[in-house]
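Shown next: target.tsv, containing TSV, C-alpha atoms.
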chain	number	residue	atom	x	y	z
A	290	MET	CA	-7.43	18.95	17.78
A	291	LYS	CA	-8.89	17.43	20.97
A	292	LYS	CA	-10.54	19.95	23.26
A	293	TYR	CA	-10.03	18.29	26.68
A	294	HIS	CA	-6.64	17.08	27.95
A	295	LEU	CA	-6.92	14.60	30.84
A	296	ILE	CA	-3.75	14.83	32.95
A	297	LEU	CA	-3.23	12.09	35.53
A	298	SER	CA	-1.03	13.58	38.25
A	299	LEU	CA	0.36	11.36	41.02
A	300	ASP	CA	2.02	12.83	44.11
A	301	TYR	CA	4.95	10.42	44.47
A	302	GLU	CA	6.01	10.38	48.13
A	303	LEU	CA	6.01	8.62	51.46
A	304	PHE	CA	4.24	10.11	54.47
A	305	GLY	CA	5.16	13.63	55.58
A	306	ASP	CA	7.22	12.42	58.54
A	307	GLY	CA	9.10	9.80	56.50
A	308	SER	CA	7.05	6.88	57.77
A	309	GLY	CA	5.79	4.15	55.47
A	310	CYS	CA	7.43	1.22	53.71
A	311	ILE	CA	9.09	2.06	50.39
A	312	ASP	CA	8.02	-1.26	48.88
A	313	LYS	CA	4.41	-1.33	50.11
A	314	CYS	CA	3.54	2.39	50.17
A	315	LEU	CA	5.48	3.63	47.15
A	316	ILE	CA	6.91	1.09	44.69
A	317	GLU	CA	4.13	-1.48	44.54
A	318	PRO	CA	1.11	0.89	44.38
A	319	THR	CA	2.89	3.05	41.78
A	320	ASP	CA	3.59	-0.03	39.67
A	321	ARG	CA	-0.07	-1.04	39.84
A	322	CYS	CA	-1.20	2.48	38.98
A	323	ARG	CA	1.25	2.58	36.08
A	324	SER	CA	0.00	-0.76	34.77
A	325	ILE	CA	-3.61	0.43	34.70
A	326	VAL	CA	-2.72	3.76	33.10
A	327	GLU	CA	-0.57	2.13	30.42
A	328	SER	CA	-3.31	-0.41	29.64
A	329	HIS	CA	-5.39	2.58	28.48
A	330	ASN	CA	-2.48	4.15	26.54
A	331	ALA	CA	-2.32	7.01	29.02
A	332	CYS	CA	0.60	8.42	31.02
A	333	LEU	CA	1.35	9.66	34.52
A	334	SER	CA	2.69	13.05	35.57
A	335	LEU	CA	4.56	12.20	38.78
A	336	PHE	CA	5.11	15.01	41.27
A	337	VAL	CA	8.28	13.66	42.88
A	338	GLU	CA	8.94	14.73	46.48
A	339	ALA	CA	12.60	15.41	45.76
A	340	LEU	CA	13.60	16.87	49.14
A	341	GLU	CA	12.45	13.75	51.00
A	342	PHE	CA	14.16	11.39	48.59
A	343	SER	CA	17.31	13.47	48.53
A	344	CYS	CA	17.51	12.97	52.31
A	345	PHE	CA	16.97	9.22	51.86
A	346	LYS	CA	19.77	9.15	49.31
A	347	HIS	CA	22.38	11.05	51.32
A	348	GLN	CA	21.64	9.79	54.86
A	349	PRO	CA	19.59	6.60	54.50
A	350	PRO	CA	18.25	5.00	57.68
A	351	CYS	CA	19.06	1.33	58.18
A	352	ASN	CA	15.56	0.24	57.16
A	353	LEU	CA	15.94	2.01	53.80
A	354	LEU	CA	19.46	0.89	52.86
A	355	ASP	CA	18.22	-2.04	50.80
A	356	SER	CA	15.22	-0.31	49.23
A	357	TYR	CA	16.07	3.31	48.42
A	358	HIS	CA	17.65	2.25	45.12
A	359	LEU	CA	14.21	0.95	44.10
A	360	ILE	CA	12.97	4.55	44.03
A	361	GLU	CA	15.62	5.65	41.56
A	362	GLN	CA	15.11	2.52	39.47
A	363	GLN	CA	11.37	3.08	39.30
A	364	LEU	CA	11.63	6.77	38.47
A	365	ALA	CA	14.24	6.10	35.79
A	366	SER	CA	11.99	3.45	34.27
A	367	LEU	CA	8.96	5.75	34.32
A	368	SER	CA	10.94	8.64	32.85
A	369	SER	CA	12.32	6.51	30.02
A	370	SER	CA	8.76	5.55	29.09
A	371	ASN	CA	5.99	8.00	28.31
A	372	HIS	CA	5.65	9.27	31.89
A	373	ARG	CA	6.78	12.66	33.21
A	374	LEU	CA	8.65	13.66	36.37
A	375	GLU	CA	7.50	16.95	37.88
A	376	MET	CA	8.59	18.90	40.97
A	377	HIS	CA	6.97	18.53	44.37
A	378	LEU	CA	8.24	20.05	47.63
A	379	HIS	CA	7.59	19.35	51.29
A	380	PRO	CA	10.11	21.77	52.81
A	381	GLN	CA	10.06	20.26	56.31
A	382	TRP	CA	12.78	18.01	54.82
A	383	LEU	CA	15.15	20.93	54.22
A	384	GLU	CA	17.12	20.36	57.41
A	385	ALA	CA	16.02	16.83	58.24
A	386	GLN	CA	18.31	14.89	60.58
A	387	LEU	CA	18.32	11.16	61.15
A	388	GLU	CA	18.45	10.18	64.81
A	389	GLU	CA	18.23	6.51	65.81
A	390	SER	CA	16.41	5.59	62.60
A	391	LYS	CA	13.84	8.37	63.08
A	392	TRP	CA	13.69	11.69	61.26
A	393	THR	CA	13.74	15.02	63.02
A	394	LEU	CA	12.05	17.49	60.69
A	395	ALA	CA	11.83	21.29	60.54
A	396	LEU	CA	8.07	21.47	61.12
A	397	GLU	CA	8.22	25.28	61.16
A	398	LYS	CA	9.13	25.06	57.45
A	399	TRP	CA	6.07	22.94	56.57
A	400	ARG	CA	4.51	25.63	54.35
A	401	VAL	CA	6.53	26.38	51.20
A	402	GLY	CA	4.69	29.70	50.85
A	403	ASN	CA	6.11	30.87	54.19
A	404	LEU	CA	9.74	30.08	53.44
A	405	SER	CA	12.36	32.79	53.18
A	406	ASP	CA	13.81	33.55	49.75
A	407	VAL	CA	16.96	31.67	50.74
A	408	ASP	CA	15.06	28.53	51.78
A	409	GLN	CA	12.85	28.65	48.70
A	410	GLN	CA	15.97	28.87	46.54
A	411	ARG	CA	17.59	25.95	48.40
A	412	SER	CA	14.47	23.81	48.14
A	413	ILE	CA	13.99	24.36	44.43
A	414	ALA	CA	17.69	23.93	43.63
A	415	THR	CA	17.82	20.62	45.53
A	416	ALA	CA	14.71	19.31	43.79
A	417	TYR	CA	15.89	20.54	40.38
A	418	ASN	CA	19.27	18.86	40.73
A	419	TYR	CA	17.76	15.63	42.04
A	420	LEU	CA	15.35	15.31	39.11
A	421	ASN	CA	17.94	16.27	36.50
A	422	GLU	CA	20.37	13.68	37.84
A	423	LEU	CA	17.65	11.01	37.62
A	424	GLU	CA	16.93	11.90	34.00
A	425	CYS	CA	20.60	12.57	33.14
A	426	LEU	CA	19.67	15.99	31.73
A	427	ASP	CA	22.26	18.59	30.79
A	428	THR	CA	19.68	21.24	29.87
A	429	PRO	CA	16.59	22.39	31.79
A	430	ALA	CA	13.37	20.48	31.27
A	431	LEU	CA	10.00	22.17	31.22
A	432	ARG	CA	8.53	21.04	34.52
A	433	ALA	CA	5.35	21.60	36.45
A	434	PHE	CA	5.36	22.29	40.19
A	435	ARG	CA	3.03	21.39	43.04
A	436	ALA	CA	3.44	22.66	46.60
A	437	GLY	CA	3.33	19.99	49.29
A	438	GLY	CA	0.02	20.06	51.15
A	439	TRP	CA	-1.21	22.73	48.69
A	440	THR	CA	0.57	25.33	50.88
A	441	ILE	CA	1.71	27.65	48.08
A	442	GLN	CA	0.32	30.90	49.53
A	443	PRO	CA	1.69	33.58	49.65
A	444	SER	CA	3.10	32.73	46.24
A	445	GLY	CA	4.71	35.78	44.61
A	446	ASN	CA	8.36	35.16	45.47
A	447	LEU	CA	7.99	31.44	44.89
A	448	PHE	CA	6.88	31.89	41.28
A	449	GLN	CA	9.89	34.10	40.67
A	450	ARG	CA	12.26	31.49	42.17
A	451	LEU	CA	10.65	28.68	40.15
A	452	GLY	CA	10.99	30.71	36.97
A	453	GLU	CA	14.73	30.98	37.53
A	454	PHE	CA	14.87	27.19	37.16
A	455	GLY	CA	12.62	27.08	34.10
A	456	VAL	CA	9.51	25.98	36.00
A	457	THR	CA	6.67	27.98	34.47
A	458	ILE	CA	3.66	25.74	35.17
A	459	ASP	CA	2.09	25.42	38.61
A	460	SER	CA	-0.59	22.86	39.44
A	461	THR	CA	-1.30	23.46	43.12
A	462	ALA	CA	-4.55	25.43	43.29
A	463	ALA	CA	-7.75	23.49	43.92
A	464	PRO	CA	-10.46	26.11	43.31
A	465	GLY	CA	-13.09	26.28	46.02
A	466	MET	CA	-11.06	24.30	48.56
A	467	PHE	CA	-9.65	25.68	51.82
A	468	ASN	CA	-7.99	24.61	55.07
A	469	HIS	CA	-7.78	27.10	57.94
A	470	ALA	CA	-5.46	25.09	60.20
A	471	LYS	CA	-2.46	27.35	60.82
A	472	GLY	CA	0.27	24.82	60.08
A	473	ASP	CA	-0.97	23.80	56.63
A	474	TRP	CA	-3.25	26.70	55.70
A	475	TYR	CA	-4.48	27.32	52.15
A	476	ASP	CA	-7.50	29.06	50.64
A	477	PHE	CA	-8.43	28.75	46.96
A	478	ARG	CA	-11.99	30.06	47.16
A	479	ASN	CA	-11.19	33.21	45.16
A	480	CYS	CA	-9.57	31.54	42.14
A	481	PRO	CA	-10.73	32.62	38.67
A	482	ASP	CA	-13.52	30.52	37.19
A	483	LYS	CA	-11.24	29.36	34.38
A	484	PRO	CA	-9.50	26.08	33.45
A	485	PHE	CA	-6.10	27.85	33.59
A	486	TRP	CA	-4.72	31.36	34.02
A	487	ASN	CA	-1.47	33.32	34.11
A	488	VAL	CA	-0.15	34.50	37.48
A	489	SER	CA	2.70	36.66	38.72
A	490	ASP	CA	2.12	37.06	42.47
A	491	ASP	CA	-1.07	35.70	44.02
A	492	VAL	CA	-1.97	32.22	42.75
A	493	CYS	CA	-5.66	33.18	42.94
A	494	THR	CA	-5.30	36.36	40.88
A	495	GLU	CA	-5.04	36.30	37.09
A	496	ASP	CA	-2.33	38.45	35.50
A	497	GLU	CA	-2.17	38.22	31.73
A	498	GLN	CA	1.44	39.41	31.86
A	499	GLY	CA	2.45	36.74	34.39
A	500	HIS	CA	5.07	34.23	33.31
A	501	THR	CA	3.66	31.31	35.33
A	502	VAL	CA	0.62	29.38	34.11
A	503	GLU	CA	-1.65	28.03	36.83
A	504	VAL	CA	-3.16	24.72	35.74
A	505	PRO	CA	-5.43	23.93	38.71
A	506	ILE	CA	-6.40	20.55	40.04
A	507	THR	CA	-9.88	19.90	38.72
A	508	THR	CA	-12.48	20.57	41.40
A	509	GLY	CA	-16.20	21.01	41.31
A	510	LYS	CA	-19.46	20.72	43.19
A	511	LEU	CA	-20.55	17.12	43.52
A	512	GLY	CA	-23.29	18.05	45.96
A	513	LYS	CA	-23.35	17.30	49.69
A	514	SER	CA	-25.38	14.09	49.54
A	515	ALA	CA	-23.36	12.69	46.62
A	516	HIS	CA	-20.10	13.64	48.34
A	517	ILE	CA	-21.15	11.93	51.56
A	518	LYS	CA	-22.16	8.85	49.56
A	519	ALA	CA	-18.73	8.83	47.88
A	520	LEU	CA	-16.98	9.17	51.26
A	521	LEU	CA	-18.98	6.29	52.73
A	522	GLU	CA	-18.20	4.07	49.74
A	523	SER	CA	-14.52	4.91	50.01
A	524	ARG	CA	-14.39	4.16	53.74
A	525	ALA	CA	-16.03	0.77	53.21
A	526	PHE	CA	-12.69	-0.41	51.82
A	527	ASP	CA	-9.07	-0.15	52.93
A	528	SER	CA	-7.82	3.38	52.26
A	529	PHE	CA	-4.17	2.29	52.01
A	530	PRO	CA	-2.43	-0.19	49.72
A	531	ALA	CA	-2.00	-3.68	51.16
A	532	ASP	CA	0.48	-3.75	54.09
A	533	CYS	CA	1.08	0.03	53.91
A	534	THR	CA	0.91	2.01	57.15
A	535	GLY	CA	2.15	5.47	58.00
A	536	SER	CA	1.56	8.61	60.01
A	537	TYR	CA	-0.19	11.84	58.98
A	538	ALA	CA	1.45	13.71	61.88
A	539	GLY	CA	2.17	17.29	60.87
A	540	PRO	CA	2.79	20.77	62.22
A	541	ASN	CA	-0.57	21.37	63.92
A	542	ASN	CA	-1.41	21.03	67.60
A	543	ARG	CA	-4.71	19.46	68.66
A	544	THR	CA	-6.68	22.71	68.34
A	545	GLN	CA	-5.35	23.44	64.86
A	546	SER	CA	-6.02	19.85	63.79
A	547	LEU	CA	-9.66	20.29	64.83
A	548	ILE	CA	-9.81	23.52	62.81
A	549	GLY	CA	-8.50	21.59	59.80
A	550	LYS	CA	-11.17	18.90	60.23
A	551	PHE	CA	-13.86	21.57	60.56
A	552	SER	CA	-12.62	23.12	57.28
A	553	LYS	CA	-13.16	19.75	55.58
A	554	ILE	CA	-16.69	19.51	56.97
A	555	ARG	CA	-17.48	23.02	55.69
A	556	SER	CA	-16.14	21.96	52.26
A	557	ILE	CA	-18.51	18.98	51.92
A	558	GLY	CA	-19.91	19.04	48.40
A	559	ASN	CA	-16.73	20.56	46.90
A	560	VAL	CA	-14.53	17.78	45.54
A	561	MET	CA	-11.13	17.35	43.93
A	562	LEU	CA	-10.89	14.90	41.02
A	563	ASP	CA	-8.96	12.39	43.16
A	564	PHE	CA	-8.49	8.98	41.54
A	565	SER	CA	-7.06	7.42	44.72
A	566	THR	CA	-10.14	8.12	46.86
A	567	LEU	CA	-13.22	8.77	44.69
A	568	PRO	CA	-15.52	6.08	43.27
A	569	ALA	CA	-15.59	5.91	39.47
A	570	TRP	CA	-19.14	7.25	39.24
A	571	ALA	CA	-18.14	10.36	41.21
A	572	MET	CA	-15.08	10.97	39.01
A	573	ILE	CA	-17.19	10.62	35.87
A	574	GLN	CA	-19.90	12.94	37.20
A	575	LEU	CA	-17.33	15.54	38.25
A	576	THR	CA	-15.51	15.39	34.91
A	577	GLU	CA	-18.70	15.63	32.86
A	578	SER	CA	-19.72	18.69	34.87
A	579	TYR	CA	-16.30	20.27	34.32
A	580	MET	CA	-16.46	19.65	30.56
A	581	GLU	CA	-19.92	21.20	30.39
A	582	ARG	CA	-18.75	24.18	32.45
A	583	PHE	CA	-15.96	25.01	30.01
A	584	LYS	CA	-17.52	23.80	26.77
A	585	ASP	CA	-17.32	27.29	25.23
A	586	GLU	CA	-13.56	27.63	25.79
A	587	THR	CA	-11.65	27.99	22.52
A	588	ASP	CA	-8.31	26.92	24.03
A	589	PRO	CA	-7.48	23.30	24.96
A	590	VAL	CA	-8.90	22.61	28.44
A	591	PRO	CA	-6.70	20.75	30.95
A	592	ILE	CA	-8.52	18.37	33.29
A	593	VAL	CA	-6.13	17.52	36.13
A	594	ALA	CA	-6.83	14.45	38.23
A	595	ILE	CA	-4.79	13.92	41.39
A	596	GLY	CA	-3.78	10.78	43.26
A	597	HIS	CA	-1.31	9.64	45.92
A	598	ASN	CA	0.57	6.35	45.81
A	599	LYS	CA	0.17	5.89	49.59
A	600	ASN	CA	-3.63	6.03	49.17
A	601	PHE	CA	-3.81	3.95	46.00
A	602	SER	CA	-5.66	0.91	47.31
A	603	GLU	CA	-7.14	-2.10	45.56
A	604	GLN	CA	-10.45	-0.24	45.31
A	605	SER	CA	-8.60	2.73	43.78
A	606	GLU	CA	-7.32	0.40	41.06
A	607	ASN	CA	-10.85	-0.69	40.15
A	608	ASN	CA	-12.17	2.87	40.15
A	609	LEU	CA	-9.32	4.23	38.05
A	610	ASN	CA	-9.68	1.45	35.51
A	611	GLU	CA	-13.41	2.17	35.14
A	612	PHE	CA	-12.84	5.93	34.96
A	613	LEU	CA	-10.19	5.63	32.25
A	614	ALA	CA	-12.35	3.27	30.22
A	615	TRP	CA	-15.06	5.92	30.31
A	616	ALA	CA	-12.56	8.69	29.39
A	617	ARG	CA	-11.42	6.72	26.34
A	618	SER	CA	-15.01	6.78	25.08
A	619	CYS	CA	-15.15	10.60	25.13
A	620	ASN	CA	-14.63	11.83	21.58
A	621	GLU	CA	-13.27	15.23	22.58
A	622	MET	CA	-10.86	13.96	25.25
A	623	ILE	CA	-7.20	12.97	24.97
A	624	PHE	CA	-4.86	11.51	27.58
A	625	SER	CA	-2.15	14.10	28.07
A	626	ASP	CA	0.48	15.66	30.33
A	627	TYR	CA	1.42	19.25	31.17
A	628	ARG	CA	3.95	19.65	28.38
A	629	ALA	CA	1.69	18.14	25.74
A	630	TRP	CA	-1.18	20.38	26.84
A	631	TYR	CA	1.08	23.46	26.86
A	632	GLU	CA	2.35	22.67	23.36
A	633	SER	CA	-1.24	22.24	22.15
A	634	LEU	CA	-2.11	25.62	23.67
A	635	ARG	CA	0.90	27.26	22.00
A	636	MET	CA	-0.01	25.81	18.59
A	637	GLN	CA	-3.63	26.94	19.02
A	638	LYS	CA	-2.57	30.49	19.74
A	639	GLN	CA	-0.19	30.52	16.76
A	640	HIS	CA	-3.01	29.29	14.54
A	641	LEU	CA	-5.34	32.05	15.72
A	642	ALA	CA	-2.69	34.80	15.48
Take the structure in the file and give it back as C-alpha cells.
Amino acid sequence: MKKYHLILSLDYELFGDGSGCIDKCLIEPTDRCRSIVESHNACLSLFVEALEFSCFKHQPPCNLLDSYHLIEQQLASLSSSNHRLEMHLHPQWLEAQLEESKWTLALEKWRVGNLSDVDQQRSIATAYNYLNELECLDTPALRAFRAGGWTIQPSGNLFQRLGEFGVTIDSTAAPGMFNHAKGDWYDFRNCPDKPFWNVSDDVCTEDEQGHTVEVPITTGKLGKSAHIKALLESRAFDSFPADCTGSYAGPNNRTQSLIGKFSKIRSIGNVMLDFSTLPAWAMIQLTESYMERFKDETDPVPIVAIGHNKNFSEQSENNLNEFLAWARSCNEMIFSDYRAWYESLRMQKQHLA
C-alpha cells in the first residue's frame, strides 16, 4: 500500500465578483490542466463554486448566455472520467442580483464562517443540489468541502451543517497561514502538526470523536530567500491564462486591504503547495520536506496541492508537468483523490484492528 497520496485540488471558479471570461478564465485553462494531469494518469479534485454557477444558471447575464452551458458540459465530462467534483462556497453569491449586466453581491456574507445557521444551510443545500444535478445522483456522494477564501472560522456549526448533507471531509486549513484583514480573516497557525485530524468545532483543534476529517492543504517552510526567489520567478511571467482578466475586489476597505498585504509579508517563508503559482523546484522541495516530516506516520498521508483555473498560466502548465513527472518517480507516492485516500485509511485501520 502506497504511503503518500498526492491529491490535486483545483478551485473551479471565476473571480469573486463574477468578472472574468468563462472561456478564457475557466474552460480553457481547466482543459489544459486536465490534459497535463491525465497525461500522468492522475486526476483532479475540483472544488466547484456552486453558488456562483447556480446564479449564472438561473439569471445569466447577456455576456454569459452563450457560454454558461460550457461549464455544465465541462463538469459533466470531468465527472464521467476519473475526476471528482467537490463542494466550494463563496457565500457572497447567496443573494446576488444582476443589474445591467453587473452583479450586486452580499459582501457582508463573504465569510462562510460568519454566516447564520439559516444561511449556512441555504448555501450548502444550493451547492449540494447543484452538484447532484450535474452528476445525476439520486443518493448522496461522499464529498469534500473547501471554504471560499479559506474563511471557515468559526467552524463548529458549519461542520454540523455539512454533516447533514454527508460532507465529512474538509480541506480548507492551510497550517501556518493567516490573514488578519477583517473581511476575509483566517488564522491556521495553531493547527495540529499532523497530515490530517478529526474535528468537531474548531478546525484547528483535534477531537478524536469528531465526525469531520480535516485534510489540510499541504503547507510548509520553504525559507524566506527561497520563497522570495519563487515569487520573483512567478512574477516574471503572466500570472493569468492568455486573454483572462478579472477583478480581485472583495469586502475590505483600503485599510483592511493593507492589513491583508502585511499579513502576506509576515508569512514570507510559509508556502502552500500551489501548482498554479509555484515553480516546479519549489513544489518538489516543499513536497520532499513534507514527506520527510511525516515519514513515521503509519496511516496513509494525504498531500494536498491547490490550484486555481484563473491563475493557471502557460508557466503553470510547464511547472505542473515537471512536478508530476517527478511525483511519478517517487516509489511511495500514488496519485489520488479524497475518497480514494479515505478508503485507503479505512482499510488500513481495519487491517490493524
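Every protein or nucleic acid residue with an atom no more than 12 Å from Arg524 (chain A), counting all atoms listed in the file and leaving out same-chain residues fewer than 2 positions away, appears here: Ile517, Lys518, Ala519, Leu520, Leu521, Glu522, Phe526, Asp527, Ser528, Phe529, Thr566, Leu567, Pro568, Asn600, Ser602, Gln604 and Ser605 of chain A.
Minimum atom-to-atom distances from A:Ser625, A:Ser405, A:Ser633, A:Gln442 to His294 (chain A) were compared using only C-alpha atoms, and the lowest value belongs to A:Ser625.
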Point (-1.9, 18.0, 62.9) neighbourhood (12 Å, all atoms listed in the file) written as a PyMOL selection string: chain A and resi 305-306+396+399+468-474+536-550
Residue subset to file, keeping C-alpha atoms, as a PDB file, in the frame of the given file:
ATOM      1  CA  GLY A 305       5.160  13.630  55.580  1.00  0.00           C
ATOM      2  CA  ASP A 306       7.220  12.420  58.540  1.00  0.00           C
ATOM      3  CA  LEU A 396       8.070  21.470  61.120  1.00  0.00           C
ATOM      4  CA  TRP A 399       6.070  22.940  56.570  1.00  0.00           C
ATOM      5  CA  ASN A 468      -7.990  24.610  55.070  1.00  0.00           C
ATOM      6  CA  HIS A 469      -7.780  27.100  57.940  1.00  0.00           C
ATOM      7  CA  ALA A 470      -5.460  25.090  60.200  1.00  0.00           C
ATOM      8  CA  LYS A 471      -2.460  27.350  60.820  1.00  0.00           C
ATOM      9  CA  GLY A 472       0.270  24.820  60.080  1.00  0.00           C
ATOM     10  CA  ASP A 473      -0.970  23.800  56.630  1.00  0.00           C
ATOM     11  CA  TRP A 474      -3.250  26.700  55.700  1.00  0.00           C
ATOM     12  CA  SER A 536       1.560   8.610  60.010  1.00  0.00           C
ATOM     13  CA  TYR A 537      -0.190  11.840  58.980  1.00  0.00           C
ATOM     14  CA  ALA A 538       1.450  13.710  61.880  1.00  0.00           C
ATOM     15  CA  GLY A 539       2.170  17.290  60.870  1.00  0.00           C
ATOM     16  CA  PRO A 540       2.790  20.770  62.220  1.00  0.00           C
ATOM     17  CA  ASN A 541      -0.570  21.370  63.920  1.00  0.00           C
ATOM     18  CA  ASN A 542      -1.410  21.030  67.600  1.00  0.00           C
ATOM     19  CA  ARG A 543      -4.710  19.460  68.660  1.00  0.00           C
ATOM     20  CA  THR A 544      -6.680  22.710  68.340  1.00  0.00           C
ATOM     21  CA  GLN A 545      -5.350  23.440  64.860  1.00  0.00           C
ATOM     22  CA  SER A 546      -6.020  19.850  63.790  1.00  0.00           C
ATOM     23  CA  LEU A 547      -9.660  20.290  64.830  1.00  0.00           C
ATOM     24  CA  ILE A 548      -9.810  23.520  62.810  1.00  0.00           C
ATOM     25  CA  GLY A 549      -8.500  21.590  59.800  1.00  0.00           C
ATOM     26  CA  LYS A 550     -11.170  18.900  60.230  1.00  0.00           C
TER      27      LYS A 550
END
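All residues of protein, DNA or RNA that reach within 10 Å of Leu609 (chain A), judged by all atoms listed in the file and not counting those fewer than 4 positions away in the chain, are Cys322, Ile325, Val326, Asp563, Phe564, Ser565, Thr566, Leu567, Pro568, Ala569, Met572, Phe601, Gln604, Ser605, Leu613, Ala614 and Trp615 of chain A.
Restricting the calculation to only C-alpha atoms, the smallest distance between Phe624 (chain A) and any of A:Gln348, A:Asn371, A:Ser514, A:Ser489 is found for A:Asn371.
For the atom pair formed by CA of Ile592 (chain A) and CA of Thr507 (chain A), the distance is 5.8 Å, given to one decimal.
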Test item: residues at most 8 Å from Arg478 (chain A), all atoms listed in the file, excluding those fewer than 6 positions along its chain, as a ChimeraX atom specification: /A:464-467
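Atom to atom, CA of Ala365 (chain A) and CA of Glu424 (chain A) stand 6.6 Å apart.
One distance worth recording is that between CA of Ile316 (chain A) and CA of Pro591 (chain A), which is 27.6 Å.
With only C-alpha atoms as the atoms that count, the minimum distance from Phe583 (chain A) to the choices A:Tyr475, A:Glu341, A:Gln362, A:Phe485 is reached by A:Phe485.
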All residues 8 Å or closer to Lys510 (chain A), all atoms listed in the file, same chain fewer than 3 positions away omitted, as a ChimeraX atom specification: /A:558-560,575
Residue nearest Pro484 (chain A) - candidates A:Asp312, A:Asp588, A:Glu632, A:Glu338, atoms counted: only C-alpha atoms: A:Asp588
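Counting only C-alpha atoms, the residue from A:Glu603, A:Gly499, A:Ala414, A:Glu327 that sits nearest to Asp532 (chain A) is A:Glu603.
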Long-range neighbours of Asp408 (chain A) as a PDB file with C-alpha atoms, in the coordinates of the input, 12 Å cut-off, only C-alpha atoms, 5 positions minimum in chain:
ATOM      1  CA  LEU A 378       8.240  20.050  47.630  1.00  0.00           C
ATOM      2  CA  HIS A 379       7.590  19.350  51.290  1.00  0.00           C
ATOM      3  CA  PRO A 380      10.110  21.770  52.810  1.00  0.00           C
ATOM      4  CA  GLN A 381      10.060  20.260  56.310  1.00  0.00           C
ATOM      5  CA  TRP A 382      12.780  18.010  54.820  1.00  0.00           C
ATOM      6  CA  LEU A 383      15.150  20.930  54.220  1.00  0.00           C
ATOM      7  CA  GLU A 384      17.120  20.360  57.410  1.00  0.00           C
ATOM      8  CA  ALA A 395      11.830  21.290  60.540  1.00  0.00           C
ATOM      9  CA  LYS A 398       9.130  25.060  57.450  1.00  0.00           C
ATOM     10  CA  TRP A 399       6.070  22.940  56.570  1.00  0.00           C
ATOM     11  CA  ARG A 400       4.510  25.630  54.350  1.00  0.00           C
ATOM     12  CA  VAL A 401       6.530  26.380  51.200  1.00  0.00           C
ATOM     13  CA  GLY A 402       4.690  29.700  50.850  1.00  0.00           C
ATOM     14  CA  ASN A 403       6.110  30.870  54.190  1.00  0.00           C
ATOM     15  CA  ILE A 413      13.990  24.360  44.430  1.00  0.00           C
ATOM     16  CA  ALA A 414      17.690  23.930  43.630  1.00  0.00           C
ATOM     17  CA  THR A 415      17.820  20.620  45.530  1.00  0.00           C
ATOM     18  CA  ASN A 446       8.360  35.160  45.470  1.00  0.00           C
ATOM     19  CA  LEU A 447       7.990  31.440  44.890  1.00  0.00           C
ATOM     20  CA  ARG A 450      12.260  31.490  42.170  1.00  0.00           C
TER      21      ARG A 450
END
